[in-house]
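Coordinates as given in structure-v2.cif (mmCIF, C-alpha atoms, pLDDT in the B column; chains and numbers go by the auth columns):
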```
data_query
#
loop_
_atom_site.group_PDB
_atom_site.id
_atom_site.type_symbol
_atom_site.label_atom_id
_atom_site.label_comp_id
_atom_site.label_asym_id
_atom_site.label_seq_id
_atom_site.Cartn_x
_atom_site.Cartn_y
_atom_site.Cartn_z
_atom_site.B_iso_or_equiv
_atom_site.auth_seq_id
_atom_site.auth_asym_id
ATOM 1 C CA MET A 1 13.422 5.800 8.200 79.00 1 X
ATOM 2 C CA PRO A 2 10.103 5.320 10.017 87.00 2 X
ATOM 3 C CA PRO A 3 10.097 2.479 12.556 90.00 3 X
ATOM 4 C CA THR A 4 8.728 -0.884 11.444 94.00 4 X
ATOM 5 C CA VAL A 5 5.291 -1.718 12.727 96.00 5 X
ATOM 6 C CA THR A 6 2.759 -4.551 12.661 98.00 6 X
ATOM 7 C CA LEU A 7 -0.773 -3.436 11.794 98.00 7 X
ATOM 8 C CA SER A 8 -3.571 -5.770 12.865 97.00 8 X
ATOM 9 C CA GLY A 9 -7.279 -5.830 12.104 95.00 9 X
ATOM 10 C CA SER A 10 -10.009 -8.417 12.459 94.00 10 X
ATOM 11 C CA ARG A 11 -9.395 -9.938 9.024 94.00 11 X
ATOM 12 C CA VAL A 12 -5.740 -9.297 8.138 97.00 12 X
ATOM 13 C CA ARG A 13 -2.415 -8.570 9.791 98.00 13 X
ATOM 14 C CA LEU A 14 0.238 -6.541 8.006 98.00 14 X
ATOM 15 C CA GLU A 15 3.621 -7.866 9.101 98.00 15 X
ATOM 16 C CA PRO A 16 6.980 -6.180 8.417 98.00 16 X
ATOM 17 C CA LEU A 17 8.292 -7.890 5.292 98.00 17 X
ATOM 18 C CA THR A 18 11.320 -10.153 5.791 98.00 18 X
ATOM 19 C CA ALA A 19 13.209 -12.767 3.794 97.00 19 X
ATOM 20 C CA GLU A 20 11.354 -15.404 5.809 97.00 20 X
ATOM 21 C CA HIS A 21 8.162 -14.507 3.911 98.00 21 X
ATOM 22 C CA VAL A 22 9.573 -15.478 0.501 98.00 22 X
ATOM 23 C CA ASP A 23 8.262 -19.051 0.314 97.00 23 X
ATOM 24 C CA ALA A 24 4.792 -18.078 1.536 97.00 24 X
ATOM 25 C CA LEU A 25 4.661 -15.228 -0.986 98.00 25 X
ATOM 26 C CA VAL A 26 5.584 -17.608 -3.805 97.00 26 X
ATOM 27 C CA ARG A 27 2.699 -19.889 -2.815 97.00 27 X
ATOM 28 C CA ALA A 28 0.320 -16.916 -2.813 97.00 28 X
ATOM 29 C CA ALA A 29 1.633 -15.618 -6.149 97.00 29 X
ATOM 30 C CA THR A 30 1.281 -18.963 -7.918 96.00 30 X
ATOM 31 C CA GLU A 31 -2.330 -19.793 -7.003 94.00 31 X
ATOM 32 C CA SER A 32 -3.240 -18.261 -10.350 92.00 32 X
ATOM 33 C CA ARG A 33 -1.611 -15.570 -12.476 92.00 33 X
ATOM 34 C CA ASP A 34 -4.783 -14.386 -14.208 92.00 34 X
ATOM 35 C CA SER A 35 -5.208 -11.168 -12.207 91.00 35 X
ATOM 36 C CA TYR A 36 -1.609 -9.915 -12.466 93.00 36 X
ATOM 37 C CA GLN A 37 -1.708 -8.533 -15.997 92.00 37 X
ATOM 38 C CA PHE A 38 -0.816 -5.024 -14.829 93.00 38 X
ATOM 39 C CA THR A 39 0.914 -5.829 -11.532 92.00 39 X
ATOM 40 C CA LYS A 40 4.488 -6.882 -10.800 93.00 40 X
ATOM 41 C CA VAL A 41 4.157 -10.180 -8.947 96.00 41 X
ATOM 42 C CA PRO A 42 7.190 -12.516 -9.061 96.00 42 X
ATOM 43 C CA ALA A 43 6.353 -16.030 -10.235 94.00 43 X
ATOM 44 C CA ASP A 44 9.207 -18.089 -8.774 96.00 44 X
ATOM 45 C CA ARG A 45 11.391 -18.217 -5.692 97.00 45 X
ATOM 46 C CA ALA A 46 14.459 -16.524 -7.175 98.00 46 X
ATOM 47 C CA ALA A 47 12.421 -13.601 -8.485 97.00 47 X
ATOM 48 C CA MET A 48 10.484 -13.305 -5.228 98.00 48 X
ATOM 49 C CA ALA A 49 13.690 -13.311 -3.168 98.00 49 X
ATOM 50 C CA GLN A 50 15.025 -10.452 -5.311 98.00 50 X
ATOM 51 C CA TYR A 51 11.675 -8.632 -4.994 97.00 51 X
ATOM 52 C CA VAL A 52 11.858 -8.834 -1.196 98.00 52 X
ATOM 53 C CA GLN A 53 15.534 -7.864 -1.147 98.00 53 X
ATOM 54 C CA GLU A 54 14.839 -4.756 -3.220 97.00 54 X
ATOM 55 C CA ALA A 55 11.914 -3.802 -0.978 97.00 55 X
ATOM 56 C CA LEU A 56 14.105 -4.125 2.108 97.00 56 X
ATOM 57 C CA ALA A 57 16.822 -2.021 0.463 96.00 57 X
ATOM 58 C CA ASP A 58 14.238 0.713 -0.144 96.00 58 X
ATOM 59 C CA GLN A 59 13.201 0.409 3.492 96.00 59 X
ATOM 60 C CA ALA A 60 16.791 0.791 4.667 94.00 60 X
ATOM 61 C CA ALA A 61 17.034 3.965 2.574 93.00 61 X
ATOM 62 C CA GLY A 62 13.942 5.402 4.255 91.00 62 X
ATOM 63 C CA ALA A 63 11.920 5.325 1.023 93.00 63 X
ATOM 64 C CA ALA A 64 9.521 2.460 1.769 96.00 64 X
ATOM 65 C CA LEU A 65 7.912 0.374 4.502 97.00 65 X
ATOM 66 C CA PRO A 66 6.895 -3.028 3.049 98.00 66 X
ATOM 67 C CA PHE A 67 4.526 -5.602 4.538 98.00 67 X
ATOM 68 C CA ALA A 68 3.397 -9.165 4.058 98.00 68 X
ATOM 69 C CA VAL A 69 -0.392 -9.527 4.243 98.00 69 X
ATOM 70 C CA ARG A 70 -1.581 -12.387 6.457 98.00 70 X
ATOM 71 C CA ASP A 71 -5.175 -13.644 6.341 96.00 71 X
ATOM 72 C CA LEU A 72 -6.034 -14.186 10.002 95.00 72 X
ATOM 73 C CA ALA A 73 -8.815 -16.690 9.274 92.00 73 X
ATOM 74 C CA SER A 74 -6.440 -19.135 7.595 94.00 74 X
ATOM 75 C CA ASP A 75 -3.171 -17.857 9.145 96.00 75 X
ATOM 76 C CA VAL A 76 -1.690 -17.796 5.634 96.00 76 X
ATOM 77 C CA VAL A 77 0.308 -15.049 3.911 97.00 77 X
ATOM 78 C CA VAL A 78 -1.813 -13.989 0.938 97.00 78 X
ATOM 79 C CA GLY A 79 0.133 -11.111 -0.591 97.00 79 X
ATOM 80 C CA SER A 80 2.106 -7.952 -0.038 98.00 80 X
ATOM 81 C CA THR A 81 1.691 -4.190 0.141 98.00 81 X
ATOM 82 C CA ARG A 82 3.807 -1.242 1.214 98.00 82 X
ATOM 83 C CA PHE A 83 4.228 2.425 1.893 98.00 83 X
ATOM 84 C CA LEU A 84 6.563 3.860 -0.722 96.00 84 X
ATOM 85 C CA ASP A 85 7.802 7.154 -2.108 95.00 85 X
ATOM 86 C CA LEU A 86 7.986 8.464 1.460 95.00 86 X
ATOM 87 C CA ASP A 87 8.884 12.139 1.497 93.00 87 X
ATOM 88 C CA TYR A 88 10.160 14.119 4.468 89.00 88 X
ATOM 89 C CA TRP A 89 9.577 17.838 4.301 84.00 89 X
ATOM 90 C CA THR A 90 11.599 20.388 6.233 76.00 90 X
ATOM 91 C CA TRP A 91 9.326 22.386 8.520 67.00 91 X
ATOM 92 C CA PRO A 92 9.803 25.178 11.035 62.00 92 X
ATOM 93 C CA PRO A 93 9.621 24.116 14.700 57.00 93 X
ATOM 94 C CA ALA A 94 5.836 24.364 14.844 56.00 94 X
ATOM 95 C CA TRP A 95 4.277 21.842 12.456 58.00 95 X
ATOM 96 C CA PRO A 96 1.702 22.470 11.157 60.00 96 X
ATOM 97 C CA ALA A 97 0.944 26.109 11.957 60.00 97 X
ATOM 98 C CA GLY A 98 -0.079 26.345 15.590 59.00 98 X
ATOM 99 C CA ARG A 99 1.589 23.115 16.711 57.00 99 X
ATOM 100 C CA GLY A 100 4.113 23.614 19.469 55.00 100 X
ATOM 101 C CA THR A 101 6.434 20.671 18.863 58.00 101 X
ATOM 102 C CA ALA A 102 8.780 19.853 16.010 61.00 102 X
ATOM 103 C CA ARG A 103 7.911 17.038 13.641 67.00 103 X
ATOM 104 C CA PRO A 104 10.279 14.050 14.105 71.00 104 X
ATOM 105 C CA ASP A 105 12.754 13.684 11.264 72.00 105 X
ATOM 106 C CA GLN A 106 11.915 9.991 10.731 81.00 106 X
ATOM 107 C CA ILE A 107 8.183 10.597 10.194 88.00 107 X
ATOM 108 C CA PRO A 108 7.139 11.162 6.552 92.00 108 X
ATOM 109 C CA THR A 109 5.032 14.134 5.531 91.00 109 X
ATOM 110 C CA VAL A 110 3.477 12.466 2.488 94.00 110 X
ATOM 111 C CA ALA A 111 3.344 8.824 1.424 96.00 111 X
ATOM 112 C CA GLU A 112 2.146 6.464 -1.255 98.00 112 X
ATOM 113 C CA ILE A 113 0.434 3.103 -0.792 98.00 113 X
ATOM 114 C CA GLY A 114 1.253 0.679 -3.567 96.00 114 X
ATOM 115 C CA SER A 115 2.946 -2.505 -4.795 95.00 115 X
ATOM 116 C CA THR A 116 -0.191 -4.230 -3.553 96.00 116 X
ATOM 117 C CA TRP A 117 -1.149 -7.698 -4.715 96.00 117 X
ATOM 118 C CA LEU A 118 -3.197 -10.530 -3.244 96.00 118 X
ATOM 119 C CA ALA A 119 -3.625 -14.192 -4.068 96.00 119 X
ATOM 120 C CA PRO A 120 -6.865 -14.857 -5.976 94.00 120 X
ATOM 121 C CA SER A 121 -8.337 -16.608 -2.921 93.00 121 X
ATOM 122 C CA ALA A 122 -7.970 -13.370 -0.923 93.00 122 X
ATOM 123 C CA GLN A 123 -9.415 -11.045 -3.558 92.00 123 X
ATOM 124 C CA ARG A 124 -12.946 -9.709 -3.059 87.00 124 X
ATOM 125 C CA THR A 125 -12.963 -10.960 0.533 89.00 125 X
ATOM 126 C CA GLY A 126 -12.487 -7.676 2.363 88.00 126 X
ATOM 127 C CA CYS A 127 -8.760 -8.306 2.870 93.00 127 X
ATOM 128 C CA ASN A 128 -7.729 -5.441 0.612 92.00 128 X
ATOM 129 C CA ARG A 129 -10.265 -3.053 2.107 93.00 129 X
ATOM 130 C CA GLU A 130 -9.086 -3.731 5.653 96.00 130 X
ATOM 131 C CA ALA A 131 -5.434 -3.558 4.637 96.00 131 X
ATOM 132 C CA LYS A 132 -6.061 -0.131 3.131 96.00 132 X
ATOM 133 C CA LEU A 133 -7.891 0.968 6.291 97.00 133 X
ATOM 134 C CA LEU A 134 -4.936 -0.124 8.428 98.00 134 X
ATOM 135 C CA LEU A 135 -2.399 1.619 6.188 98.00 135 X
ATOM 136 C CA LEU A 136 -4.384 4.825 5.820 97.00 136 X
ATOM 137 C CA SER A 137 -5.052 4.946 9.567 97.00 137 X
ATOM 138 C CA HIS A 138 -1.345 4.623 10.273 97.00 138 X
ATOM 139 C CA ALA A 139 -0.468 7.275 7.700 96.00 139 X
ATOM 140 C CA PHE A 140 -3.020 9.875 8.745 95.00 140 X
ATOM 141 C CA ASP A 141 -3.558 9.140 12.446 95.00 141 X
ATOM 142 C CA THR A 142 -0.074 8.061 13.535 94.00 142 X
ATOM 143 C CA TRP A 143 2.235 9.846 11.121 93.00 143 X
ATOM 144 C CA GLY A 144 -0.061 12.790 10.450 91.00 144 X
ATOM 145 C CA VAL A 145 0.667 12.881 6.717 93.00 145 X
ATOM 146 C CA LEU A 146 -0.857 15.508 4.474 93.00 146 X
ATOM 147 C CA ARG A 147 -1.525 13.217 1.512 96.00 147 X
ATOM 148 C CA VAL A 148 -1.530 9.570 0.519 97.00 148 X
ATOM 149 C CA THR A 149 -1.001 8.801 -3.166 98.00 149 X
ATOM 150 C CA LEU A 150 -2.282 5.707 -4.956 97.00 150 X
ATOM 151 C CA LYS A 151 -1.470 5.026 -8.600 97.00 151 X
ATOM 152 C CA THR A 152 -1.999 2.269 -11.120 96.00 152 X
ATOM 153 C CA ASP A 153 -1.631 1.456 -14.794 96.00 153 X
ATOM 154 C CA ALA A 154 -4.276 3.592 -16.506 97.00 154 X
ATOM 155 C CA ARG A 155 -5.519 0.455 -18.323 96.00 155 X
ATOM 156 C CA ASN A 156 -6.148 -1.392 -15.060 94.00 156 X
ATOM 157 C CA ALA A 157 -9.882 -0.775 -14.706 94.00 157 X
ATOM 158 C CA ARG A 158 -10.224 -3.196 -11.804 91.00 158 X
ATOM 159 C CA SER A 159 -7.535 -1.458 -9.757 93.00 159 X
ATOM 160 C CA ARG A 160 -8.905 1.969 -10.557 95.00 160 X
ATOM 161 C CA ARG A 161 -12.389 0.956 -9.408 93.00 161 X
ATOM 162 C CA ALA A 162 -10.916 -0.397 -6.161 91.00 162 X
ATOM 163 C CA ILE A 163 -9.053 2.855 -5.513 94.00 163 X
ATOM 164 C CA GLU A 164 -12.165 4.884 -6.229 94.00 164 X
ATOM 165 C CA ARG A 165 -14.245 2.678 -3.918 91.00 165 X
ATOM 166 C CA ILE A 166 -11.966 3.456 -0.987 90.00 166 X
ATOM 167 C CA GLY A 167 -12.185 7.202 -1.651 93.00 167 X
ATOM 168 C CA GLY A 168 -9.215 7.980 -3.889 96.00 168 X
ATOM 169 C CA GLN A 169 -9.678 11.130 -5.959 97.00 169 X
ATOM 170 C CA LEU A 170 -8.342 11.078 -9.517 97.00 170 X
ATOM 171 C CA GLU A 171 -5.660 13.718 -10.006 97.00 171 X
ATOM 172 C CA GLY A 172 -4.909 12.895 -13.627 97.00 172 X
ATOM 173 C CA ILE A 173 -3.056 10.612 -16.023 98.00 173 X
ATOM 174 C CA ARG A 174 0.722 10.805 -16.203 97.00 174 X
ATOM 175 C CA ARG A 175 1.428 9.869 -19.793 97.00 175 X
ATOM 176 C CA ALA A 176 4.367 7.681 -20.822 97.00 176 X
ATOM 177 C CA HIS A 177 5.241 7.456 -17.157 96.00 177 X
ATOM 178 C CA THR A 178 7.182 4.205 -16.912 95.00 178 X
ATOM 179 C CA ARG A 179 7.669 0.764 -18.364 94.00 179 X
ATOM 180 C CA ALA A 180 4.652 -1.464 -17.805 95.00 180 X
ATOM 181 C CA VAL A 181 4.729 -5.059 -16.578 91.00 181 X
ATOM 182 C CA ASP A 182 4.026 -6.268 -20.115 90.00 182 X
ATOM 183 C CA GLY A 183 6.987 -4.290 -21.483 92.00 183 X
ATOM 184 C CA SER A 184 4.918 -1.533 -23.066 96.00 184 X
ATOM 185 C CA VAL A 185 5.044 2.154 -22.155 96.00 185 X
ATOM 186 C CA ARG A 186 2.666 2.770 -19.269 96.00 186 X
ATOM 187 C CA ASP A 187 0.378 5.702 -18.603 97.00 187 X
ATOM 188 C CA SER A 188 -0.285 5.933 -14.862 97.00 188 X
ATOM 189 C CA ALA A 189 -3.546 7.027 -13.244 97.00 189 X
ATOM 190 C CA TYR A 190 -2.743 9.066 -10.122 97.00 190 X
ATOM 191 C CA TYR A 191 -5.156 9.230 -7.181 98.00 191 X
ATOM 192 C CA SER A 192 -4.861 10.785 -3.753 98.00 192 X
ATOM 193 C CA ILE A 193 -6.536 11.135 -0.386 97.00 193 X
ATOM 194 C CA ILE A 194 -5.680 14.252 1.622 97.00 194 X
ATOM 195 C CA ALA A 195 -5.948 14.776 5.360 95.00 195 X
ATOM 196 C CA ALA A 196 -9.163 16.794 5.155 95.00 196 X
ATOM 197 C CA GLU A 197 -10.875 13.893 3.346 96.00 197 X
ATOM 198 C CA TRP A 198 -9.654 11.189 5.689 96.00 198 X
ATOM 199 C CA PRO A 199 -12.522 11.231 8.260 96.00 199 X
ATOM 200 C CA ASP A 200 -15.121 10.559 5.547 95.00 200 X
ATOM 201 C CA VAL A 201 -12.901 7.964 3.852 96.00 201 X
ATOM 202 C CA ARG A 202 -12.351 6.199 7.176 96.00 202 X
ATOM 203 C CA ALA A 203 -16.075 6.102 7.919 95.00 203 X
ATOM 204 C CA ALA A 204 -16.852 4.697 4.464 93.00 204 X
ATOM 205 C CA LEU A 205 -14.146 2.036 4.761 93.00 205 X
ATOM 206 C CA ARG A 206 -15.439 0.948 8.163 93.00 206 X
ATOM 207 C CA ALA A 207 -19.006 0.786 6.869 92.00 207 X
ATOM 208 C CA GLY A 208 -17.900 -1.269 3.874 87.00 208 X
ATOM 209 C CA LEU A 209 -16.047 -3.714 6.087 89.00 209 X
ATOM 210 C CA ALA A 210 -19.032 -4.099 8.392 87.00 210 X
ATOM 211 C CA ALA A 211 -21.223 -4.924 5.391 81.00 211 X
ATOM 212 C CA THR A 212 -18.884 -7.743 4.262 77.00 212 X
ATOM 213 C CA ARG A 213 -18.747 -9.484 7.626 69.00 213 X
#
```
Kindly transcribe the structure held in the file into structure tokens.
Amino acid sequence: MPPTVTLSGSRVRLEPLTAEHVDALVRAATESRDSYQFTKVPADRAAMAQYVQEALADQAAGAALPFAVRDLASDVVVGSTRFLDLDYWTWPPAWPAGRGTARPDQIPTVAEIGSTWLAPSAQRTGCNREAKLLLLSHAFDTWGVLRVTLKTDARNARSRRAIERIGGQLEGIRRAHTRAVDGSVRDSAYYSIIAAEWPDVRAALRAGLAATR
């Protein structure tokens, strides 16, 4: 599995998720439930403890790297996000073509950013934008991934607009993909950012953050 890491910006810090974050996450998740119609956000301590335990089990299996999101202005945990669906491709010794060193086994080749939610007080503040910048920078600049996937319930117009604002390109709709939070059958909208697009996405994210300060 990739090593745990703390990612810090000027507005938020992404801390490796632990069981010690459970109470703070419950407080963030219970500010208001109005914006979680399409997002799995536990509403009580028992459910949140299980949520964190499952995320840590995925981390131990090398499939995820979960974080708690801390608002640096208030020093309060305001939500969670993670890398997930990490995939490790087998490559010849030179990766990619022309590189003279082997790619470490614990470094993913492609990744997804998801399971993201923020307390209402942290929404539309720039916290999500900076969190995405930190995650994408780590994926592309540190790991050297080829692609980052982002997906959401196809009905979630707010989430889809947010993904599009940070530069995600719509790949298509996966129909009858999974069970939705509301118990219905969910179609998922799949987006991606590939390595060749990352410099422009990074510049746009930085410009957007500067405009909100």
For segment 9-18 of chain X: contacts at 7 Å, only C-alpha atoms, fewer than 5 positions along chain excluded, given as a ChimeraX atom specification: /X:4,66-73,127,130-131
Separation of atom CA of Tyr190 of chain X from atom CA of Leu170 of chain X in Å: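 Straight-line distance from atom CA of Leu170 of chain X to atom CA of Tyr190 of chain X works out to 6.0 Å.
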The PyMOL selection byres ((chain X and resi 102-114) around 7) on the file shown: which residues, as an MDAnalysis selection string? chainID X and resid 1:2 81:89 93:95 100:101 115:116 143 145:150
Go through the shown structure with the PyMOL selection byres ((chain X and resi 38-46) around 12) and write out the matching residues as a ChimeraX atom specification. /X:19-37,47-53,79-81,114-119,151-160,179-188
Written as a PDB file with C-alpha atoms, keeping the file's coordinate frame, which residues does the PyMOL selection byres ((chain X and resi 196) around 12) give for the file shown?
```
ATOM      1  CA  PHE X 140      -3.020   9.875   8.745  1.00 95.00           C
ATOM      2  CA  ASP X 141      -3.558   9.140  12.446  1.00 95.00           C
ATOM      3  CA  GLY X 144      -0.061  12.790  10.450  1.00 91.00           C
ATOM      4  CA  VAL X 145       0.667  12.881   6.717  1.00 93.00           C
ATOM      5  CA  LEU X 146      -0.857  15.508   4.474  1.00 93.00           C
ATOM      6  CA  ARG X 147      -1.525  13.217   1.512  1.00 96.00           C
ATOM      7  CA  VAL X 148      -1.530   9.570   0.519  1.00 97.00           C
ATOM      8  CA  SER X 192      -4.861  10.785  -3.753  1.00 98.00           C
ATOM      9  CA  ILE X 193      -6.536  11.135  -0.386  1.00 97.00           C
ATOM     10  CA  ILE X 194      -5.680  14.252   1.622  1.00 97.00           C
ATOM     11  CA  ALA X 195      -5.948  14.776   5.360  1.00 95.00           C
ATOM     12  CA  GLU X 197     -10.875  13.893   3.346  1.00 96.00           C
ATOM     13  CA  TRP X 198      -9.654  11.189   5.689  1.00 96.00           C
ATOM     14  CA  PRO X 199     -12.522  11.231   8.260  1.00 96.00           C
ATOM     15  CA  ASP X 200     -15.121  10.559   5.547  1.00 95.00           C
ATOM     16  CA  VAL X 201     -12.901   7.964   3.852  1.00 96.00           C
ATOM     17  CA  ARG X 202     -12.351   6.199   7.176  1.00 96.00           C
TER      18      ARG X 202
END
```
How many Å lie between atom CA of Val76 of chain X and atom CA of Gly126 of chain X, rounded to one decimal?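 If I compute the distance from atom CA of Val76 of chain X to atom CA of Gly126 of chain X, I get 15.2 Å.
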Could you list, as a CSV table (one decimal) with C-alpha atoms, in the coordinates of the input, every residue within 10 Å of Thr212 of chain X, counting only C-alpha atoms and ignoring same-chain residues fewer than 5 positions away?
```
chain,number,residue,atom,x,y,z
X,124,ARG,CA,-12.9,-9.7,-3.1
X,125,THR,CA,-13.0,-11.0,0.5
X,126,GLY,CA,-12.5,-7.7,2.4
X,207,ALA,CA,-19.0,0.8,6.9
```
Quick one: distance from atom CA of Thr178 of chain X to atom CA of Ala60 of chain X in Å, one decimal?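 According to the coordinates, atom CA of Thr178 of chain X and atom CA of Ala60 of chain X are separated by 23.9 Å.
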Give the answer as one residue: which of X:Thr142, X:Ser137, X:Arg129, X:Gln123 has the shortest atom-to-atom distance to Glu164 of chain X, using all atoms listed in the file?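 Under the stated criterion, the closest residue is X:Arg129.
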Of the residues X:Gly62, X:Gly172, X:Pro3, X:Gly208, which is the one nearest to Asn128 of chain X, using only C-alpha atoms?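 Ranked by minimum distance to Asn128 of chain X, first place goes to X:Gly208.
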Nearest candidate to Leu7 of chain X (options X:Arg206, X:Ile173, X:Tyr191, X:Leu65; using only C-alpha atoms): X:Leu65
